[in-house]
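Structure data (mmCIF, C-alpha atoms) from run02.cif:
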data_input
loop_
_atom_site.label_atom_id
_atom_site.label_comp_id
_atom_site.auth_asym_id
_atom_site.auth_seq_id
_atom_site.Cartn_x
_atom_site.Cartn_y
_atom_site.Cartn_z
CA MET A 1 -30.23 15.11 -183.47
CA ALA A 2 -28.03 18.18 -183.94
CA THR A 3 -25.38 18.75 -181.27
CA GLU A 4 -24.32 22.23 -180.22
CA ILE A 5 -21.25 22.59 -177.99
CA LEU A 6 -21.38 25.62 -175.70
CA SER A 7 -18.20 27.44 -174.70
CA GLY A 8 -19.05 27.09 -171.00
CA VAL A 9 -21.85 26.79 -168.48
CA PRO A 10 -24.15 29.79 -169.07
CA SER A 11 -25.43 32.14 -166.38
CA THR A 12 -28.97 31.23 -165.34
CA ALA A 13 -30.41 34.58 -164.23
CA PRO A 14 -30.10 36.40 -167.61
CA LEU A 15 -31.62 33.38 -169.33
CA LEU A 16 -34.63 33.44 -167.02
CA VAL A 17 -35.09 37.16 -167.65
CA ARG A 18 -34.93 36.62 -171.41
CA ALA A 19 -37.40 33.75 -171.14
CA ALA A 20 -39.81 35.95 -169.16
CA LEU A 21 -39.64 38.67 -171.81
CA THR A 22 -40.13 36.35 -174.78
CA SER A 23 -42.45 33.67 -173.40
CA ARG A 24 -45.82 35.19 -174.33
CA GLY A 25 -47.68 33.23 -176.98
CA ARG A 26 -45.28 30.32 -177.24
CA ARG A 27 -47.03 27.29 -178.73
CA GLY A 28 -46.09 24.25 -180.71
CA ASP A 29 -46.18 20.49 -180.47
CA ALA A 30 -42.52 19.64 -180.97
CA VAL A 31 -39.22 20.80 -179.49
CA PRO A 32 -36.14 21.69 -181.56
CA ASP A 33 -34.07 18.68 -182.56
CA ARG A 34 -31.05 19.87 -180.59
CA THR A 35 -28.68 18.68 -177.85
CA LEU A 36 -26.65 21.24 -175.90
CA VAL A 37 -23.28 20.06 -174.60
CA VAL A 38 -20.76 21.62 -172.22
CA GLU A 39 -17.38 19.95 -171.91
CA ASP A 40 -14.81 20.02 -169.12
CA VAL A 41 -17.18 21.16 -166.36
CA ARG A 42 -15.22 21.46 -163.11
CA ILE A 43 -16.97 21.21 -159.76
CA ASP A 44 -16.35 24.12 -157.40
CA ARG A 45 -15.71 22.41 -154.07
CA ALA A 46 -16.83 25.43 -152.03
CA LYS A 47 -20.17 25.49 -153.86
CA LEU A 48 -20.49 21.73 -153.50
CA ALA A 49 -19.86 21.98 -149.75
CA ALA A 50 -22.51 24.69 -149.39
CA TYR A 51 -24.97 22.47 -151.27
CA GLN A 52 -24.10 19.47 -149.10
CA ARG A 53 -24.65 21.43 -145.89
CA LEU A 54 -28.01 22.80 -147.02
CA THR A 55 -29.32 19.42 -148.19
CA GLY A 56 -27.99 17.31 -145.32
CA TYR A 57 -25.12 15.45 -147.00
CA ALA A 58 -21.71 14.92 -145.44
CA VAL A 59 -19.20 17.45 -146.75
CA ASP A 60 -16.70 15.43 -148.77
CA ASP A 61 -15.62 14.86 -152.38
CA THR A 62 -18.30 12.29 -153.21
CA VAL A 63 -20.87 13.95 -155.47
CA PRO A 64 -24.50 13.56 -154.25
CA GLN A 65 -26.82 11.93 -156.75
CA PRO A 66 -28.90 15.11 -157.37
CA TYR A 67 -25.89 17.41 -157.81
CA PRO A 68 -25.21 16.83 -161.53
CA TRP A 69 -28.80 18.03 -162.07
CA VAL A 70 -27.75 21.30 -160.41
CA LEU A 71 -24.68 21.52 -162.62
CA ALA A 72 -26.77 20.90 -165.75
CA PHE A 73 -29.61 23.24 -164.76
CA PRO A 74 -28.12 26.32 -166.54
CA VAL A 75 -27.67 24.26 -169.71
CA GLN A 76 -31.24 23.04 -169.45
CA THR A 77 -32.38 26.64 -168.96
CA ALA A 78 -30.40 27.74 -172.02
CA LEU A 79 -32.21 25.16 -174.13
CA MET A 80 -35.68 26.08 -172.84
CA ALA A 81 -35.14 29.86 -172.98
CA ARG A 82 -34.45 29.96 -176.72
CA PRO A 83 -37.04 31.71 -178.91
CA ASP A 84 -37.80 28.56 -180.90
CA PHE A 85 -38.70 26.57 -177.79
CA PRO A 86 -42.47 25.93 -177.90
CA MET A 87 -43.28 26.15 -174.17
CA PRO A 88 -42.86 29.14 -171.82
CA LEU A 89 -40.20 28.59 -169.17
CA PRO A 90 -41.58 30.95 -166.45
CA GLY A 91 -43.88 29.13 -164.04
CA MET A 92 -43.00 25.67 -165.33
CA VAL A 93 -43.44 23.02 -162.60
CA HIS A 94 -41.18 20.03 -162.03
CA LEU A 95 -43.41 16.93 -161.73
CA GLU A 96 -41.10 13.96 -161.78
CA ASN A 97 -37.42 12.97 -161.84
CA ARG A 98 -35.71 9.63 -162.48
CA VAL A 99 -31.93 9.45 -161.95
CA THR A 100 -29.46 6.62 -162.39
CA THR A 101 -25.93 6.89 -161.01
CA HIS A 102 -23.74 4.25 -162.65
CA ARG A 103 -20.85 4.68 -160.22
CA ALA A 104 -19.72 6.96 -157.43
CA MET A 105 -18.56 10.34 -158.75
CA ASP A 106 -15.63 12.30 -157.36
CA ALA A 107 -15.65 16.09 -157.24
CA GLY A 108 -12.25 16.18 -158.96
CA GLU A 109 -13.51 14.54 -162.14
CA PRO A 110 -14.24 16.89 -165.08
CA LEU A 111 -17.69 16.26 -166.54
CA THR A 112 -19.25 16.57 -169.96
CA LEU A 113 -22.90 17.59 -169.57
CA SER A 114 -25.56 17.21 -172.25
CA VAL A 115 -29.20 18.29 -172.33
CA SER A 116 -31.94 17.51 -174.81
CA ALA A 117 -35.72 17.85 -174.75
CA GLY A 118 -38.07 15.07 -175.71
CA GLN A 119 -41.77 14.61 -176.16
CA ILE A 120 -44.54 17.12 -175.39
CA ARG A 121 -47.66 15.41 -174.10
CA PRO A 122 -51.17 16.58 -173.16
CA HIS A 123 -51.99 16.79 -169.46
CA ARG A 124 -55.18 17.55 -167.57
CA ARG A 125 -53.59 20.77 -166.28
CA GLY A 126 -51.71 21.83 -169.41
CA ARG A 127 -48.88 20.07 -171.23
CA THR A 128 -45.85 18.10 -170.05
CA LEU A 129 -42.32 18.03 -171.40
CA ASP A 130 -39.58 15.40 -171.07
CA VAL A 131 -35.98 16.58 -170.60
CA ARG A 132 -32.95 14.31 -170.75
CA LEU A 133 -29.72 15.14 -168.87
CA GLU A 134 -26.48 13.15 -169.01
CA ALA A 135 -23.04 13.43 -167.40
CA ARG A 136 -19.93 11.71 -168.73
CA VAL A 137 -16.36 11.36 -167.57
CA GLY A 138 -14.33 10.97 -170.73
CA GLY A 139 -16.58 8.76 -172.83
CA GLU A 140 -18.09 6.98 -169.83
CA LEU A 141 -21.73 7.64 -168.98
CA VAL A 142 -21.68 8.02 -165.18
CA TRP A 143 -25.05 9.69 -164.54
CA GLU A 144 -28.35 10.11 -166.41
CA CYS A 145 -31.64 11.79 -165.59
CA ASP A 146 -35.09 12.03 -167.13
CA SER A 147 -37.22 14.92 -165.87
CA VAL A 148 -40.88 15.71 -166.51
CA TYR A 149 -42.14 19.30 -166.40
CA LEU A 150 -45.64 20.74 -166.51
CA SER A 151 -46.46 23.90 -168.42
CA ARG A 152 -49.74 24.98 -166.86
CA GLY A 153 -52.58 26.06 -169.08
CA ARG A 154 -55.68 24.75 -170.78
CA GLY A 155 -55.60 21.05 -170.10
CA THR A 156 -56.94 17.91 -171.73
CA GLN A 157 -59.22 16.17 -169.27
CA ASP A 158 -58.95 12.76 -170.94
CA ALA A 159 -55.15 12.96 -171.36
CA PRO A 160 -53.38 9.63 -170.70
CA ARG A 161 -51.93 9.41 -167.20
CA GLY A 162 -48.38 8.17 -166.78
CA ASP A 163 -47.23 5.72 -164.15
CA GLY A 164 -47.92 7.27 -160.77
CA PRO A 165 -45.97 6.87 -157.56
CA PRO A 166 -46.40 3.92 -155.21
CA PRO A 167 -48.57 4.48 -152.15
CA PRO A 168 -46.70 6.61 -149.61
CA PRO A 169 -45.56 4.83 -146.45
CA GLY A 170 -47.60 5.38 -143.31
CA GLY A 171 -46.69 5.18 -139.67
CA GLN A 172 -44.50 7.35 -137.53
CA PRO A 173 -42.06 9.78 -139.14
CA VAL A 174 -38.34 9.15 -138.92
CA ALA A 175 -37.55 12.86 -139.19
CA GLN A 176 -39.27 16.24 -139.03
CA TRP A 177 -37.91 19.38 -140.65
CA ARG A 178 -38.93 23.00 -140.21
CA LEU A 179 -38.49 24.74 -143.55
CA PRO A 180 -37.83 28.46 -143.10
CA GLU A 181 -39.32 31.27 -145.15
CA ASP A 182 -35.98 31.94 -146.85
CA LEU A 183 -35.22 28.33 -147.84
CA GLY A 184 -35.94 29.06 -151.51
CA ARG A 185 -33.46 31.92 -151.55
CA SER A 186 -30.86 29.83 -149.69
CA TYR A 187 -31.20 26.96 -152.15
CA ALA A 188 -31.15 29.36 -155.10
CA SER A 189 -27.80 30.68 -153.88
CA VAL A 190 -26.20 27.21 -153.94
CA SER A 191 -28.01 25.79 -156.99
CA GLY A 192 -28.44 28.76 -159.31
CA ASP A 193 -32.17 28.00 -159.68
CA VAL A 194 -33.62 31.49 -159.24
CA ASN A 195 -37.10 30.68 -160.54
CA PRO A 196 -39.37 33.38 -158.99
CA ILE A 197 -41.86 30.80 -157.68
CA HIS A 198 -39.29 29.86 -155.03
CA LEU A 199 -37.97 33.23 -153.90
CA HIS A 200 -40.69 35.44 -152.41
CA PRO A 201 -44.47 35.49 -151.95
CA LEU A 202 -44.91 38.40 -154.36
CA THR A 203 -42.89 36.86 -157.19
CA ALA A 204 -44.66 33.53 -156.66
CA LYS A 205 -48.08 35.23 -156.83
CA ALA A 206 -47.08 36.76 -160.15
CA MET A 207 -46.62 33.18 -161.39
CA GLY A 208 -50.02 32.05 -160.10
CA PHE A 209 -49.06 30.58 -156.71
CA PRO A 210 -50.56 31.75 -153.39
CA ARG A 211 -47.05 32.05 -151.93
CA HIS A 212 -43.55 30.82 -152.69
CA ILE A 213 -42.70 27.13 -152.64
CA ALA A 214 -39.63 25.04 -151.83
CA HIS A 215 -37.56 23.77 -154.74
CA GLY A 216 -38.55 20.23 -155.61
CA MET A 217 -34.89 19.30 -156.05
CA TRP A 218 -34.14 20.49 -152.50
CA THR A 219 -36.85 18.22 -151.11
CA CYS A 220 -35.52 15.36 -153.26
CA ALA A 221 -31.93 15.90 -152.16
CA ARG A 222 -32.87 16.27 -148.48
CA THR A 223 -34.84 13.02 -148.65
CA LEU A 224 -32.02 11.10 -150.34
CA ALA A 225 -29.49 12.44 -147.85
CA ALA A 226 -31.67 11.26 -144.96
CA LEU A 227 -31.74 7.73 -146.43
CA GLY A 228 -27.98 7.39 -145.97
CA ARG A 229 -25.04 7.02 -148.34
CA THR A 230 -26.58 4.29 -150.52
CA SER A 231 -27.47 6.67 -153.35
CA LEU A 232 -23.85 7.87 -153.64
CA GLY A 233 -22.93 4.67 -155.47
CA PRO A 234 -24.68 2.77 -158.29
CA SER A 235 -28.39 3.37 -157.73
CA THR A 236 -31.60 4.65 -159.26
CA SER A 237 -34.01 7.08 -157.63
CA HIS A 238 -37.45 8.03 -158.89
CA VAL A 239 -39.24 10.97 -157.32
CA TRP A 240 -42.75 12.30 -157.87
CA PHE A 241 -43.47 15.86 -156.70
CA THR A 242 -47.12 15.48 -155.75
CA LYS A 243 -47.95 18.70 -153.85
CA PRO A 244 -45.97 21.94 -153.51
CA VAL A 245 -44.32 22.71 -150.17
CA PHE A 246 -45.29 26.27 -149.33
CA LEU A 247 -42.81 28.25 -147.25
CA PRO A 248 -42.51 28.37 -144.33
CA SER A 249 -43.79 24.97 -143.25
CA THR A 250 -42.96 21.82 -141.31
CA VAL A 251 -42.67 18.47 -143.07
CA GLU A 252 -42.21 14.87 -141.94
CA LEU A 253 -40.26 12.04 -143.54
CA VAL A 254 -41.74 8.53 -143.51
CA VAL A 255 -39.79 5.54 -144.82
CA ASP A 256 -40.52 1.93 -145.76
CA ARG A 257 -37.43 -0.17 -146.45
CA GLU A 258 -38.26 -3.14 -148.67
CA PRO A 259 -35.79 -5.90 -149.72
CA ALA A 260 -35.34 -4.54 -153.24
CA ARG A 261 -36.05 -0.85 -152.73
CA THR A 262 -36.74 1.91 -150.26
CA VAL A 263 -39.91 3.98 -150.48
CA ALA A 264 -39.95 7.38 -148.77
CA ALA A 265 -42.49 10.17 -148.59
CA LEU A 266 -42.44 13.75 -147.42
CA ARG A 267 -45.73 14.83 -145.87
CA SER A 268 -47.14 17.85 -144.09
CA ALA A 269 -46.66 17.75 -140.32
CA LYS A 270 -49.83 19.79 -139.86
CA SER A 271 -51.92 17.71 -142.29
CA PRO A 272 -50.29 14.25 -142.64
CA GLU A 273 -52.79 13.29 -145.33
CA THR A 274 -51.03 15.81 -147.61
CA THR A 275 -48.09 14.14 -149.35
CA HIS A 276 -45.58 16.47 -151.00
CA LEU A 277 -43.18 13.92 -152.45
CA VAL A 278 -42.88 10.18 -152.97
CA LEU A 279 -39.44 8.73 -153.73
CA THR A 280 -38.16 5.24 -154.48
CA LEU A 281 -34.50 4.22 -154.26
CA GLU A 282 -33.13 1.02 -155.79
CA VAL A 283 -29.54 -0.21 -155.59
#
What does this structure look like when you write it as structure tokens?
Amino acid sequence: MATEILSGVPSTAPLLVRAALTSRGRRGDAVPDRTLVVEDVRIDRAKLAAYQRLTGYAVDDTVPQPYPWVLAFPVQTALMARPDFPMPLPGMVHLENRVTTHRAMDAGEPLTLSVSAGQIRPHRRGRTLDVRLEARVGGELVWECDSVYLSRGRGTQDAPRGDGPPPPPGGQPVAQWRLPEDLGRSYASVSGDVNPIHLHPLTAKAMGFPRHIAHGMWTCARTLAALGRTSLGPSTSHVWFTKPVFLPSTVELVVDREPARTVAALRSAKSPETTHLVLTLEV
């Protein structure tokens, strides 16, 4: 696979605009054989603290497990916004995320981030795409992530189904959160993810949603933060985004702590049968 080293972390907003202008008619069954790399990425402690406050983490120099995903998001966007990328970036939906942290990460450590895209697969609601993200300190792999995205469109009804989430825990919630109307804009300001489906009802409707939805990676981060500091060290989380969280709304967290893993789910407070997210955490 060809490796391309970028001069720095790109700006996300212009990339999303370019992707919106050039996305019409994109098709293809394979992604470019390319890995984008950014070296010497320094964490801005003020931005990290704002992220930690919004997602429920303690404000300190230990990097939350989902935060390297935020750092790598502009690089991921740069890869997917290029004209030779076969799937349109606007409106793409994050379905699944699996992250392994190999050791605790300190905010003072410079990171090398790499992003590559993998297989395109048929799905009953369109096509899915695998994206691989990695973070290294020196030559040491400290963090890795495999994401699955859905590009909505004409689906394949008999498409193979991947491994689904475990059954969500039942019982009484351990927490309840009221998600305000402007949560998407607040998270966009600390993460750089300015996808229109998260920002305003009108921009979400233009992408085919009835109104704007919370960022999946906010719900993931808020859930992990609520489970304690376990995920800050060596651990693996696997999250399935099962139903969008429309804004504003109220959600509940239910948790089942097993000997080898913790299973958590985020469900609607109004309709508890509606599960928005299922997450497992293993240490």
- Query: Near range 246-254 of chain A, counting only C-alpha atoms, which residues have an atom at most 10 Å away, once you skip same-chain residues fewer than 3 positions from it, shown as a VMD selection string?
  - Reply: chain A and resid 168 to 184 198 to 201 209 to 215 219 222 to 223 226 to 227 243 263 to 272 274 to 278
- Task: Select, from A:Val190, A:Val148, A:Leu232, A:Leu54, the residue with the minimum atom-to-atom distance to Arg121 in chain A, counting all atoms listed in the file.
- Result: A:Val148
- Message: Could you list, as an MDAnalysis selection string, every residue within 8 Å of Leu113 in chain A, counting all atoms listed in the file and ignoring same-chain residues fewer than 4 positions away?
- Response: chainID A and resid 37:39 41 72 133:136
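Selection by the PyMOL selection byres ((chain A and resi 30) around 9) on the present file picks out A:Gly28, A:Asp29, A:Val31, A:Pro32, A:Asp33, A:Phe85, A:Pro86, A:Gly118, A:Gln119, A:Ile120.
With distances restricted to all atoms listed in the file, A:Val283 is the closest residue to Ala260 in chain A from A:Leu15, A:Val283, A:Val239, A:Leu89.
Among A:Pro167, A:Pro90, A:Gly139, A:Pro110, the residue with the shortest atom-to-atom distance to Trp240 in chain A, counting all atoms listed in the file, is A:Pro167.
Within 12 Å of Asp130 in chain A, once all atoms listed in the file are used and residues closer than 5 positions along the same chain are dropped, the contacting residues are Ala30, Val31, Gln76, Met80, Met87, His94, Leu95, Glu96, Asn97, Arg98, Val115, Ser116, Ala117, Gly118, Gln119, Ile120, Arg121, Pro122, Cys145, Asp146, Ser147, Val148, Tyr149, Leu150 and Ser151 of chain A.
With only C-alpha atoms as the atoms that count, the minimum distance from Val9 in chain A to the choices A:Met207, A:Met92, A:Ala58, A:Leu71 is reached by A:Leu71.
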Selection near Tyr57 in chain A, 10 Å with all atoms listed in the file, sequence-local residues under 2 positions removed, as a PDB file with C-alpha atoms, keeping the file's coordinate frame:
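After the write, around_24.pdb holds the following:
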ATOM      1  CA  ALA A  49     -19.860  21.980-149.750  1.00  0.00           C
ATOM      2  CA  ALA A  50     -22.510  24.690-149.390  1.00  0.00           C
ATOM      3  CA  TYR A  51     -24.970  22.470-151.270  1.00  0.00           C
ATOM      4  CA  GLN A  52     -24.100  19.470-149.100  1.00  0.00           C
ATOM      5  CA  ARG A  53     -24.650  21.430-145.890  1.00  0.00           C
ATOM      6  CA  LEU A  54     -28.010  22.800-147.020  1.00  0.00           C
ATOM      7  CA  THR A  55     -29.320  19.420-148.190  1.00  0.00           C
ATOM      8  CA  VAL A  59     -19.200  17.450-146.750  1.00  0.00           C
ATOM      9  CA  ASP A  60     -16.700  15.430-148.770  1.00  0.00           C
ATOM     10  CA  THR A  62     -18.300  12.290-153.210  1.00  0.00           C
ATOM     11  CA  VAL A  63     -20.870  13.950-155.470  1.00  0.00           C
ATOM     12  CA  PRO A  64     -24.500  13.560-154.250  1.00  0.00           C
ATOM     13  CA  ALA A 221     -31.930  15.900-152.160  1.00  0.00           C
ATOM     14  CA  ARG A 222     -32.870  16.270-148.480  1.00  0.00           C
ATOM     15  CA  LEU A 224     -32.020  11.100-150.340  1.00  0.00           C
ATOM     16  CA  ALA A 225     -29.490  12.440-147.850  1.00  0.00           C
ATOM     17  CA  ALA A 226     -31.670  11.260-144.960  1.00  0.00           C
ATOM     18  CA  GLY A 228     -27.980   7.390-145.970  1.00  0.00           C
ATOM     19  CA  ARG A 229     -25.040   7.020-148.340  1.00  0.00           C
TER      20      ARG A 229
END
Please return range 87-105 of chain A, rebuilt to N, CA, C and O atoms, as a PDB file, in the coordinates of the input.
ATOM      1  N   MET A  87     -42.570  26.025-175.439  1.00  0.00           N
ATOM      2  CA  MET A  87     -43.280  26.150-174.170  1.00  0.00           C
ATOM      3  C   MET A  87     -42.628  27.236-173.325  1.00  0.00           C
ATOM      4  O   MET A  87     -41.406  27.354-173.290  1.00  0.00           O
ATOM      5  N   PRO A  88     -43.431  28.059-172.633  1.00  0.00           N
ATOM      6  CA  PRO A  88     -42.860  29.140-171.820  1.00  0.00           C
ATOM      7  C   PRO A  88     -42.175  28.588-170.581  1.00  0.00           C
ATOM      8  O   PRO A  88     -42.730  27.749-169.857  1.00  0.00           O
ATOM      9  N   LEU A  89     -40.959  29.048-170.335  1.00  0.00           N
ATOM     10  CA  LEU A  89     -40.200  28.590-169.170  1.00  0.00           C
ATOM     11  C   LEU A  89     -40.740  29.134-167.845  1.00  0.00           C
ATOM     12  O   LEU A  89     -40.815  28.389-166.856  1.00  0.00           O
ATOM     13  N   PRO A  90     -41.114  30.422-167.740  1.00  0.00           N
ATOM     14  CA  PRO A  90     -41.580  30.950-166.450  1.00  0.00           C
ATOM     15  C   PRO A  90     -42.809  30.188-165.930  1.00  0.00           C
ATOM     16  O   PRO A  90     -43.770  29.947-166.664  1.00  0.00           O
ATOM     17  N   GLY A  91     -42.762  29.817-164.666  1.00  0.00           N
ATOM     18  CA  GLY A  91     -43.880  29.130-164.040  1.00  0.00           C
ATOM     19  C   GLY A  91     -43.941  27.642-164.297  1.00  0.00           C
ATOM     20  O   GLY A  91     -44.845  26.958-163.808  1.00  0.00           O
ATOM     21  N   MET A  92     -42.991  27.102-165.062  1.00  0.00           N
ATOM     22  CA  MET A  92     -43.000  25.670-165.330  1.00  0.00           C
ATOM     23  C   MET A  92     -42.758  24.902-164.035  1.00  0.00           C
ATOM     24  O   MET A  92     -41.939  25.296-163.202  1.00  0.00           O
ATOM     25  N   VAL A  93     -43.467  23.782-163.850  1.00  0.00           N
ATOM     26  CA  VAL A  93     -43.440  23.020-162.600  1.00  0.00           C
ATOM     27  C   VAL A  93     -42.794  21.662-162.834  1.00  0.00           C
ATOM     28  O   VAL A  93     -43.139  20.951-163.783  1.00  0.00           O
ATOM     29  N   HIS A  94     -41.871  21.323-161.967  1.00  0.00           N
ATOM     30  CA  HIS A  94     -41.180  20.030-162.030  1.00  0.00           C
ATOM     31  C   HIS A  94     -42.095  18.965-161.418  1.00  0.00           C
ATOM     32  O   HIS A  94     -42.433  19.027-160.242  1.00  0.00           O
ATOM     33  N   LEU A  95     -42.500  17.969-162.204  1.00  0.00           N
ATOM     34  CA  LEU A  95     -43.410  16.930-161.730  1.00  0.00           C
ATOM     35  C   LEU A  95     -42.713  15.656-161.275  1.00  0.00           C
ATOM     36  O   LEU A  95     -43.153  14.998-160.329  1.00  0.00           O
ATOM     37  N   GLU A  96     -41.634  15.307-161.955  1.00  0.00           N
ATOM     38  CA  GLU A  96     -41.100  13.960-161.780  1.00  0.00           C
ATOM     39  C   GLU A  96     -39.629  13.939-162.182  1.00  0.00           C
ATOM     40  O   GLU A  96     -39.213  14.692-163.069  1.00  0.00           O
ATOM     41  N   ASN A  97     -38.846  13.072-161.540  1.00  0.00           N
ATOM     42  CA  ASN A  97     -37.420  12.970-161.840  1.00  0.00           C
ATOM     43  C   ASN A  97     -36.970  11.532-161.621  1.00  0.00           C
ATOM     44  O   ASN A  97     -37.248  10.945-160.561  1.00  0.00           O
ATOM     45  N   ARG A  98     -36.296  10.972-162.616  1.00  0.00           N
ATOM     46  CA  ARG A  98     -35.710   9.630-162.480  1.00  0.00           C
ATOM     47  C   ARG A  98     -34.218   9.727-162.787  1.00  0.00           C
ATOM     48  O   ARG A  98     -33.839  10.163-163.876  1.00  0.00           O
ATOM     49  N   VAL A  99     -33.376   9.310-161.833  1.00  0.00           N
ATOM     50  CA  VAL A  99     -31.930   9.450-161.950  1.00  0.00           C
ATOM     51  C   VAL A  99     -31.264   8.105-161.738  1.00  0.00           C
ATOM     52  O   VAL A  99     -31.603   7.367-160.799  1.00  0.00           O
ATOM     53  N   THR A 100     -30.306   7.790-162.594  1.00  0.00           N
ATOM     54  CA  THR A 100     -29.460   6.620-162.390  1.00  0.00           C
ATOM     55  C   THR A 100     -28.015   7.071-162.291  1.00  0.00           C
ATOM     56  O   THR A 100     -27.508   7.767-163.181  1.00  0.00           O
ATOM     57  N   THR A 101     -27.369   6.699-161.184  1.00  0.00           N
ATOM     58  CA  THR A 101     -25.930   6.890-161.010  1.00  0.00           C
ATOM     59  C   THR A 101     -25.262   5.558-161.283  1.00  0.00           C
ATOM     60  O   THR A 101     -25.565   4.566-160.621  1.00  0.00           O
ATOM     61  N   HIS A 102     -24.363   5.519-162.261  1.00  0.00           N
ATOM     62  CA  HIS A 102     -23.740   4.250-162.650  1.00  0.00           C
ATOM     63  C   HIS A 102     -22.538   3.899-161.779  1.00  0.00           C
ATOM     64  O   HIS A 102     -22.188   2.719-161.662  1.00  0.00           O
ATOM     65  N   ARG A 103     -21.935   4.901-161.188  1.00  0.00           N
ATOM     66  CA  ARG A 103     -20.850   4.680-160.220  1.00  0.00           C
ATOM     67  C   ARG A 103     -20.687   5.930-159.383  1.00  0.00           C
ATOM     68  O   ARG A 103     -21.200   7.000-159.725  1.00  0.00           O
ATOM     69  N   ALA A 104     -19.980   5.783-158.262  1.00  0.00           N
ATOM     70  CA  ALA A 104     -19.720   6.960-157.430  1.00  0.00           C
ATOM     71  C   ALA A 104     -18.914   7.976-158.231  1.00  0.00           C
ATOM     72  O   ALA A 104     -18.015   7.628-159.002  1.00  0.00           O
ATOM     73  N   MET A 105     -19.242   9.252-158.045  1.00  0.00           N
ATOM     74  CA  MET A 105     -18.560  10.340-158.750  1.00  0.00           C
ATOM     75  C   MET A 105     -17.731  11.154-157.774  1.00  0.00           C
ATOM     76  O   MET A 105     -18.172  11.462-156.658  1.00  0.00           O
TER      77      MET A 105
END
